[in-house]
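> This is input.cif (mmCIF, C-alpha atoms and all ligand atoms).
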data_upload
#
loop_
_atom_site.label_atom_id
_atom_site.label_comp_id
_atom_site.auth_asym_id
_atom_site.auth_seq_id
_atom_site.Cartn_x
_atom_site.Cartn_y
_atom_site.Cartn_z
CA MET A 1 -41.83 -67.93 -9.40
CA THR A 2 -40.14 -64.85 -10.93
CA GLY A 3 -39.30 -66.75 -14.11
CA ASP A 4 -42.80 -68.23 -14.41
CA LEU A 5 -44.44 -64.82 -14.07
CA ALA A 6 -42.05 -63.32 -16.62
CA GLU A 7 -42.93 -66.16 -18.99
CA ARG A 8 -46.69 -65.53 -18.53
CA LEU A 9 -46.26 -61.83 -19.31
CA ASP A 10 -43.96 -62.51 -22.24
CA ALA A 11 -46.43 -65.00 -23.74
CA ALA A 12 -49.30 -62.53 -23.24
CA ALA A 13 -47.39 -59.88 -25.20
CA ARG A 14 -46.29 -62.26 -27.93
CA ASP A 15 -49.76 -63.77 -28.37
CA ALA A 16 -51.49 -60.37 -27.94
CA THR A 17 -53.78 -62.00 -25.39
CA ALA A 18 -54.66 -60.45 -22.03
CA ILE A 19 -54.06 -62.35 -18.80
CA PRO A 20 -55.34 -61.92 -15.22
CA GLN A 21 -53.34 -59.98 -12.62
CA VAL A 22 -50.96 -62.84 -11.90
CA VAL A 23 -48.28 -60.80 -10.14
CA SER A 24 -50.47 -59.30 -7.43
CA ALA A 25 -52.21 -62.69 -7.09
CA ALA A 26 -48.79 -64.17 -6.30
CA GLY A 27 -48.36 -61.62 -3.49
CA LEU A 28 -45.28 -59.88 -4.91
CA ASP A 29 -44.28 -56.45 -3.64
CA ALA A 30 -42.71 -53.75 -5.83
CA ASP A 31 -39.17 -55.16 -5.46
CA GLY A 32 -40.38 -58.61 -6.48
CA ALA A 33 -42.23 -57.05 -9.40
CA TYR A 34 -39.11 -55.24 -10.65
CA ALA A 35 -37.30 -58.61 -10.56
CA VAL A 36 -40.07 -60.04 -12.79
CA GLN A 37 -39.67 -57.03 -15.12
CA GLU A 38 -35.94 -57.68 -15.36
CA ALA A 39 -36.58 -61.35 -16.18
CA LEU A 40 -39.25 -60.39 -18.70
CA VAL A 41 -36.95 -57.99 -20.54
CA ALA A 42 -34.10 -60.54 -20.33
CA ARG A 43 -36.29 -62.87 -22.37
CA ARG A 44 -36.53 -60.19 -25.08
CA LEU A 45 -32.78 -59.60 -24.97
CA GLY A 46 -32.30 -63.35 -25.30
CA ARG A 47 -34.20 -63.15 -28.59
CA GLY A 48 -31.72 -60.56 -29.89
CA GLU A 49 -33.29 -57.27 -28.82
CA ARG A 50 -31.05 -54.51 -27.42
CA LEU A 51 -31.66 -52.20 -24.47
CA VAL A 52 -31.88 -48.64 -25.78
CA GLY A 53 -33.29 -46.70 -22.88
CA LEU A 54 -35.68 -46.27 -20.01
CA LYS A 55 -39.19 -44.97 -19.52
CA LEU A 56 -40.91 -43.41 -16.58
CA GLY A 57 -44.59 -44.13 -16.13
CA LEU A 58 -47.38 -42.54 -14.13
CA THR A 59 -45.53 -39.22 -13.84
CA SER A 60 -48.71 -37.13 -14.02
CA ARG A 61 -51.89 -36.90 -11.94
CA ALA A 62 -53.92 -37.54 -15.12
CA LYS A 63 -52.16 -40.83 -15.75
CA MET A 64 -52.34 -41.92 -12.13
CA ALA A 65 -56.05 -41.19 -12.04
CA GLN A 66 -56.58 -43.01 -15.34
CA VAL A 67 -55.25 -46.32 -14.01
CA GLY A 68 -55.72 -45.97 -10.23
CA VAL A 69 -52.03 -46.41 -9.31
CA ASP A 70 -50.35 -43.44 -7.66
CA GLU A 71 -46.62 -44.12 -7.77
CA VAL A 72 -44.09 -43.18 -10.41
CA ILE A 73 -42.70 -46.35 -12.00
CA TRP A 74 -40.04 -47.15 -14.58
CA GLY A 75 -39.47 -49.63 -17.35
CA ARG A 76 -36.97 -50.64 -19.98
CA LEU A 77 -37.01 -49.80 -23.71
CA THR A 78 -35.61 -52.10 -26.38
CA ASP A 79 -34.78 -51.40 -30.01
CA ALA A 80 -37.73 -53.55 -31.13
CA MET A 81 -40.12 -51.03 -29.53
CA ALA A 82 -38.85 -48.08 -31.60
CA VAL A 83 -41.04 -46.89 -34.48
CA PRO A 84 -39.66 -44.14 -36.73
CA ASP A 85 -41.31 -40.73 -36.78
CA GLY A 86 -44.05 -40.99 -39.43
CA GLY A 87 -43.92 -44.78 -39.21
CA THR A 88 -46.59 -47.39 -38.53
CA VAL A 89 -47.62 -49.24 -35.38
CA ASP A 90 -49.13 -52.67 -36.05
CA THR A 91 -52.13 -52.85 -33.72
CA SER A 92 -52.81 -56.49 -34.61
CA ALA A 93 -49.74 -57.39 -32.54
CA LEU A 94 -51.14 -55.56 -29.50
CA ILE A 95 -53.99 -56.25 -27.06
CA HIS A 96 -55.68 -52.90 -26.38
CA PRO A 97 -53.12 -50.20 -27.21
CA ARG A 98 -53.28 -46.64 -26.00
CA ILE A 99 -51.12 -43.71 -27.06
CA GLU A 100 -49.87 -40.68 -25.15
CA PRO A 101 -47.77 -37.56 -25.84
CA GLU A 102 -44.43 -37.42 -24.05
CA VAL A 103 -41.13 -35.62 -23.83
CA ALA A 104 -37.98 -37.66 -24.50
CA PHE A 105 -34.38 -36.99 -23.52
CA LEU A 106 -31.24 -38.26 -25.20
CA LEU A 107 -28.80 -39.34 -22.47
CA ASP A 108 -25.07 -39.38 -22.02
CA ALA A 109 -23.28 -42.09 -20.04
CA ASP A 110 -23.92 -40.22 -16.76
CA GLY A 111 -27.65 -40.07 -17.36
CA ASN A 112 -27.58 -36.36 -18.20
CA ALA A 113 -29.66 -35.03 -21.09
CA THR A 114 -27.87 -33.94 -24.25
CA ALA A 115 -31.01 -33.23 -26.31
CA VAL A 116 -34.79 -33.24 -26.05
CA ALA A 117 -37.61 -34.21 -28.43
CA PRO A 118 -41.37 -34.61 -28.59
CA ALA A 119 -42.39 -38.28 -28.39
CA LEU A 120 -45.35 -40.61 -28.58
CA GLU A 121 -45.57 -43.71 -26.40
CA VAL A 122 -47.82 -46.67 -27.18
CA ILE A 123 -48.72 -48.55 -24.01
CA ASP A 124 -50.43 -51.92 -23.98
CA SER A 125 -51.14 -53.49 -20.61
CA ARG A 126 -50.93 -57.24 -20.79
CA TYR A 127 -53.72 -57.42 -18.17
CA ALA A 128 -57.40 -57.81 -18.96
CA ASP A 129 -59.36 -54.55 -19.09
CA PHE A 130 -56.15 -52.51 -18.63
CA THR A 131 -56.62 -53.12 -14.90
CA PHE A 132 -53.71 -53.78 -12.54
CA SER A 133 -52.07 -53.05 -9.21
CA LEU A 134 -48.67 -51.38 -8.78
CA ALA A 135 -46.87 -54.76 -8.68
CA ASP A 136 -48.69 -55.99 -11.80
CA VAL A 137 -47.82 -52.96 -13.92
CA VAL A 138 -44.21 -52.82 -12.74
CA ALA A 139 -43.71 -56.49 -13.68
CA ASP A 140 -45.35 -55.79 -17.05
CA ASN A 141 -42.52 -53.37 -17.88
CA ALA A 142 -44.76 -50.35 -17.20
CA SER A 143 -47.03 -51.38 -20.11
CA ALA A 144 -44.27 -50.49 -22.61
CA ALA A 145 -45.11 -51.49 -26.17
CA ALA A 146 -43.73 -48.97 -28.69
CA TYR A 147 -42.45 -45.42 -28.90
CA THR A 148 -41.61 -42.79 -31.49
CA ILE A 149 -39.25 -39.86 -31.10
CA GLY A 150 -39.42 -36.62 -33.10
CA SER A 151 -36.38 -34.53 -34.06
CA TRP A 152 -33.85 -33.98 -31.29
CA LYS A 153 -33.22 -30.36 -30.29
CA PRO A 154 -30.70 -28.72 -27.94
CA LEU A 155 -32.12 -28.32 -24.43
CA PRO A 156 -34.01 -25.02 -24.17
CA ASP A 157 -33.79 -22.85 -21.04
CA GLY A 158 -37.21 -23.91 -19.82
CA LEU A 159 -39.23 -27.07 -20.35
CA ASP A 160 -41.60 -26.70 -17.44
CA ASN A 161 -44.73 -25.25 -19.04
CA LEU A 162 -44.85 -26.01 -22.74
CA GLY A 163 -48.23 -26.62 -24.34
CA VAL A 164 -48.88 -30.20 -25.51
CA LEU A 165 -51.48 -31.28 -28.04
CA LEU A 166 -52.44 -34.82 -29.00
CA GLU A 167 -54.32 -35.07 -32.30
CA VAL A 168 -56.05 -38.13 -33.70
CA ASP A 169 -57.01 -37.89 -37.39
CA GLY A 170 -56.49 -34.14 -37.29
CA ARG A 171 -58.80 -33.56 -34.33
CA VAL A 172 -57.70 -32.55 -30.84
CA ALA A 173 -57.89 -35.57 -28.53
CA GLN A 174 -55.99 -34.24 -25.49
CA VAL A 175 -54.50 -30.91 -24.44
CA GLY A 176 -51.95 -30.52 -21.69
CA SER A 177 -48.70 -29.02 -20.52
CA THR A 178 -45.25 -30.40 -19.85
CA ALA A 179 -45.84 -29.18 -16.30
CA ALA A 180 -47.93 -32.33 -15.86
CA ILE A 181 -44.73 -34.39 -16.11
CA LEU A 182 -43.42 -34.28 -12.53
CA GLY A 183 -43.96 -30.51 -12.51
CA ASP A 184 -41.05 -30.22 -14.97
CA PRO A 185 -39.90 -33.01 -17.34
CA ARG A 186 -36.28 -32.36 -16.36
CA ARG A 187 -37.12 -33.95 -12.99
CA ALA A 188 -37.42 -37.23 -14.90
CA LEU A 189 -33.62 -37.32 -15.18
CA GLY A 190 -33.13 -37.44 -11.41
CA ALA A 191 -36.12 -39.72 -10.95
CA ALA A 192 -34.77 -42.23 -13.49
CA ARG A 193 -31.40 -42.25 -11.75
CA ARG A 194 -33.03 -42.70 -8.35
CA LEU A 195 -35.60 -45.32 -9.36
CA ALA A 196 -33.71 -47.37 -11.94
CA GLY A 197 -30.46 -47.06 -10.02
CA ALA A 198 -28.44 -48.20 -13.03
CA PRO A 199 -26.17 -46.01 -15.13
CA ALA A 200 -27.41 -45.13 -18.58
CA GLU A 201 -25.43 -45.73 -21.71
CA ALA A 202 -24.53 -42.85 -24.02
CA GLY A 203 -27.22 -42.60 -26.68
CA TRP A 204 -29.98 -44.10 -24.56
CA VAL A 205 -33.41 -42.52 -24.63
CA LEU A 206 -35.43 -41.57 -21.55
CA LEU A 207 -39.18 -41.23 -21.99
CA ALA A 208 -40.00 -38.73 -19.25
CA GLY A 209 -43.71 -39.53 -19.04
CA ALA A 210 -46.99 -38.42 -20.54
CA ALA A 211 -48.32 -34.87 -20.44
CA THR A 212 -51.96 -36.03 -20.71
CA ALA A 213 -54.05 -39.15 -20.21
CA ALA A 214 -53.60 -41.81 -22.90
CA VAL A 215 -56.19 -42.41 -25.64
CA SER A 216 -57.10 -45.66 -27.43
CA LEU A 217 -55.05 -46.36 -30.53
CA VAL A 218 -57.27 -47.88 -33.19
CA LYS A 219 -56.36 -49.32 -36.56
CA GLY A 220 -56.22 -46.65 -39.26
CA ALA A 221 -55.69 -43.73 -36.86
CA HIS A 222 -53.15 -41.05 -37.64
CA VAL A 223 -51.80 -39.65 -34.38
CA ARG A 224 -49.69 -36.54 -33.98
CA ALA A 225 -48.26 -34.87 -30.90
CA VAL A 226 -47.21 -31.24 -30.82
CA VAL A 227 -45.02 -29.93 -28.01
CA GLU A 228 -44.66 -26.14 -28.00
CA GLY A 229 -41.14 -25.16 -29.03
CA LEU A 230 -40.04 -28.77 -29.57
CA GLY A 231 -42.01 -29.65 -32.69
CA THR A 232 -44.14 -32.59 -33.74
CA VAL A 233 -44.03 -36.36 -33.95
CA ALA A 234 -46.51 -38.67 -35.67
CA VAL A 235 -47.42 -42.30 -36.24
CA ARG A 236 -50.08 -44.21 -38.12
CA ALA A 237 -51.81 -47.30 -36.73
CA SER A 238 -52.30 -50.25 -39.07
O1 LIG B 1 -46.18 -44.79 -19.56
C1 LIG B 1 -47.03 -44.82 -18.67
O2 LIG B 1 -47.33 -43.83 -17.98
C2 LIG B 1 -47.76 -46.12 -18.45
C3 LIG B 1 -47.42 -46.68 -17.16
C4 LIG B 1 -48.27 -47.87 -16.88
C5 LIG B 1 -49.70 -47.54 -16.65
C6 LIG B 1 -50.50 -47.65 -17.90
O3 LIG B 1 -50.47 -48.71 -18.53
O4 LIG B 1 -51.20 -46.69 -18.22
MG MG B 2 -45.80 -43.30 -20.98
#
I'd like the structure from this file rewritten - as structure tokens, please.
Ligand code: 0L1
Ligand code: MG

Amino acid sequence: MTGDLAERLDAAARDATAIPQVVSAAGLDADGAYAVQEALVARRLGRGERLVGLKLGLTSRAKMAQVGVDEVIWGRLTDAMAVPDGGTVDTSALIHPRIEPEVAFLLDADGNATAVAPALEVIDSRYADFTFSLADVVADNASAAAYTIGSWKPLPDGLDNLGVLLEVDGRVAQVGSTAAILGDPRRALGAARRLAGAPAEAGWVLLAGAATAAVSLVKGAHVRAVVEGLGTVAVRAS
């Protein structure tokens, strides 16, 4: 069953076609769902992609409220999901993408942060109407689709209350604070270790979570995130 569910989710992503909530319908709990996620990502690795990091999802009240799931989750990042700062996200390859401003950490082999950067994450639930249960979204690799990292900076003394702005086409779309990310984004480091349980590799990225709710990413949009003291990061949607 795990392999079949992974194949359904993989096909949904590759065909950019939404599917029903097949994981909760199969009665899987969170552990079963993480096994599906592992099998799903293994399919990508089998096609030549490389693991390059981890993401936390649903680390803020705004995000939890937006999707009706109230547990922090994690997923896996591959090199194929990385879009350079100032680069382009192809929305025709996605189902109903959303974008959110994040903080990213650069990790050493012990999972400690060596640098920090502003980031944008594109999420794209493979489920119809962006509607899912905890097990569904875990199996779907926490909706991971693409991400962009700004310039890395040395860790500042405090990261716990930096202003965050998400702009779409030069207009403010969301305003928030890094405090929304687990109270302090640095908590993501311990949470990733606890939840993912696996050691990081030096050079991996950790997306700590979004500081605001996500907004729809539509073709032609120019999206920029500003994190106070950390700088900016931007992508264009084609
Ligand atoms: O990165 C996130 O917070 C997304 C986690 C999955 C829920 C969603 O698709 O919004
Ligand atoms: Mg996210």
> Using only C-alpha atoms and all ligand atoms, which of the listed residues (A:Ala213, A:Ala42, A:Val227, A:Leu9) sits closest to ligand LIG 1 (chain B)?
A:Ala213
> Using all atoms listed in the file, find each residue of chain A with at least one atom at most 10 Å away from an atom of ligand LIG 1 (chain B); report its shortest atom-to-atom pair and that distance in Å (one decimal), sort the rows by chain and rising residue number, and return the result as CSV.

residue,atom,partner,partner_atom,distance
A:Lys55,CA,B:LIG1,O1,7.0
A:Leu56,CA,B:LIG1,O1,6.2
A:Gly57,CA,B:LIG1,O2,3.3
A:Leu58,CA,B:LIG1,O2,4.1
A:Thr59,CA,B:LIG1,O2,6.5
A:Ser60,CA,B:LIG1,O2,7.9
A:Ala62,CA,B:LIG1,O2,9.5
A:Lys63,CA,B:LIG1,O2,6.1
A:Met64,CA,B:LIG1,C5,7.7
A:Ala65,CA,B:LIG1,O4,9.6
A:Gln66,CA,B:LIG1,O4,7.1
A:Val67,CA,B:LIG1,O4,5.9
A:Gly68,CA,B:LIG1,C5,8.9
A:Val69,CA,B:LIG1,C5,7.8
A:Asp70,CA,B:LIG1,C5,9.9
A:Glu71,CA,B:LIG1,C3,9.8
A:Val72,CA,B:LIG1,O2,8.3
A:Ile73,CA,B:LIG1,C3,7.0
A:Trp74,CA,B:LIG1,C3,7.8
A:Gly75,CA,B:LIG1,C3,8.5
A:Pro97,CA,B:LIG1,O3,9.2
A:Arg98,CA,B:LIG1,O4,8.1
A:Ile99,CA,B:LIG1,O1,9.0
A:Glu100,CA,B:LIG1,O1,7.9
A:Pro101,CA,B:LIG1,O1,9.7
A:Glu102,CA,B:LIG1,O1,8.8
A:Leu120,CA,B:LIG1,O1,10.0
A:Glu121,CA,B:LIG1,O1,7.0
A:Val122,CA,B:LIG1,O1,8.0
A:Ile123,CA,B:LIG1,O3,5.8
A:Asp124,CA,B:LIG1,O3,6.3
A:Ser125,CA,B:LIG1,O3,5.3
A:Arg126,CA,B:LIG1,O3,8.8
A:Tyr127,CA,B:LIG1,O3,9.3
A:Phe130,CA,B:LIG1,O3,6.8
A:Thr131,CA,B:LIG1,O3,8.4
A:Phe132,CA,B:LIG1,C5,8.5
A:Ser133,CA,B:LIG1,C5,9.6
A:Leu134,CA,B:LIG1,C5,8.8
A:Asp136,CA,B:LIG1,C4,9.6
A:Val137,CA,B:LIG1,C4,5.9
A:Val138,CA,B:LIG1,C4,7.6
A:Asp140,CA,B:LIG1,C4,8.4
A:Asn141,CA,B:LIG1,C4,8.0
A:Ala142,CA,B:LIG1,C4,4.3
A:Ser143,CA,B:LIG1,O3,4.6
A:Ala144,CA,B:LIG1,O1,6.7
A:Ala145,CA,B:LIG1,O1,9.5
A:Ile181,CA,B:LIG1,O2,10.0
A:Leu207,CA,B:LIG1,O1,8.2
A:Ala208,CA,B:LIG1,O1,8.7
A:Gly209,CA,B:LIG1,O2,5.7
A:Ala210,CA,B:LIG1,O2,6.0
A:Ala211,CA,B:LIG1,O2,9.3
A:Thr212,CA,B:LIG1,O2,9.5
A:Ala213,CA,B:LIG1,O4,8.3
A:Ala214,CA,B:LIG1,O4,7.2
A:Val215,CA,B:LIG1,O4,9.9
> May I have the residues within 8 Å of Leu77 (chain A) as an mmCIF file with C-alpha atoms, in the frame of the given file, using all atoms listed in the file and disregarding those fewer than 3 positions away in the same chain?

data_model
loop_
_atom_site.group_PDB
_atom_site.id
_atom_site.type_symbol
_atom_site.label_atom_id
_atom_site.label_comp_id
_atom_site.auth_asym_id
_atom_site.auth_seq_id
_atom_site.Cartn_x
_atom_site.Cartn_y
_atom_site.Cartn_z
ATOM 1 C CA LEU A 51 -31.660 -52.200 -24.470
ATOM 2 C CA VAL A 52 -31.880 -48.640 -25.780
ATOM 3 C CA GLY A 53 -33.290 -46.700 -22.880
ATOM 4 C CA LEU A 54 -35.680 -46.270 -20.010
ATOM 5 C CA LYS A 55 -39.190 -44.970 -19.520
ATOM 6 C CA MET A 81 -40.120 -51.030 -29.530
ATOM 7 C CA ALA A 144 -44.270 -50.490 -22.610
#
> Ranking A:Arg50, A:Ala191, A:Leu206, A:Gly176 by minimum distance to ligand MG 2 (chain B) and counting all atoms listed in the file, which one comes first?
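With all atoms listed in the file as the atom set, the closest residue is A:Leu206.
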> Restricting the calculation to all atoms listed in the file: of A:Val116, A:Val172, A:Val103, A:Ala82, which residue gets closest to ligand MG 2 (chain B)?
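Of A:Val116, A:Val172, A:Val103, A:Ala82, the one nearest ligand MG 2 (chain B), counting all atoms listed in the file, is A:Val103.
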> Work out how far CA of Ala188 (chain A) is from CA of Asn161 (chain A), in Å to one decimal.
14.6 Å
> Quick one: axis-aligned box around all listed atoms of region 132-147 of chain A, 6 Å on every side, centre and edge lengths in Å to one decimal, written as lines of an AutoDock Vina configuration file.

center_x = -48.1
center_y = -51.0
center_z = -18.8
size_x = 23.3
size_y = 23.1
size_z = 32.2
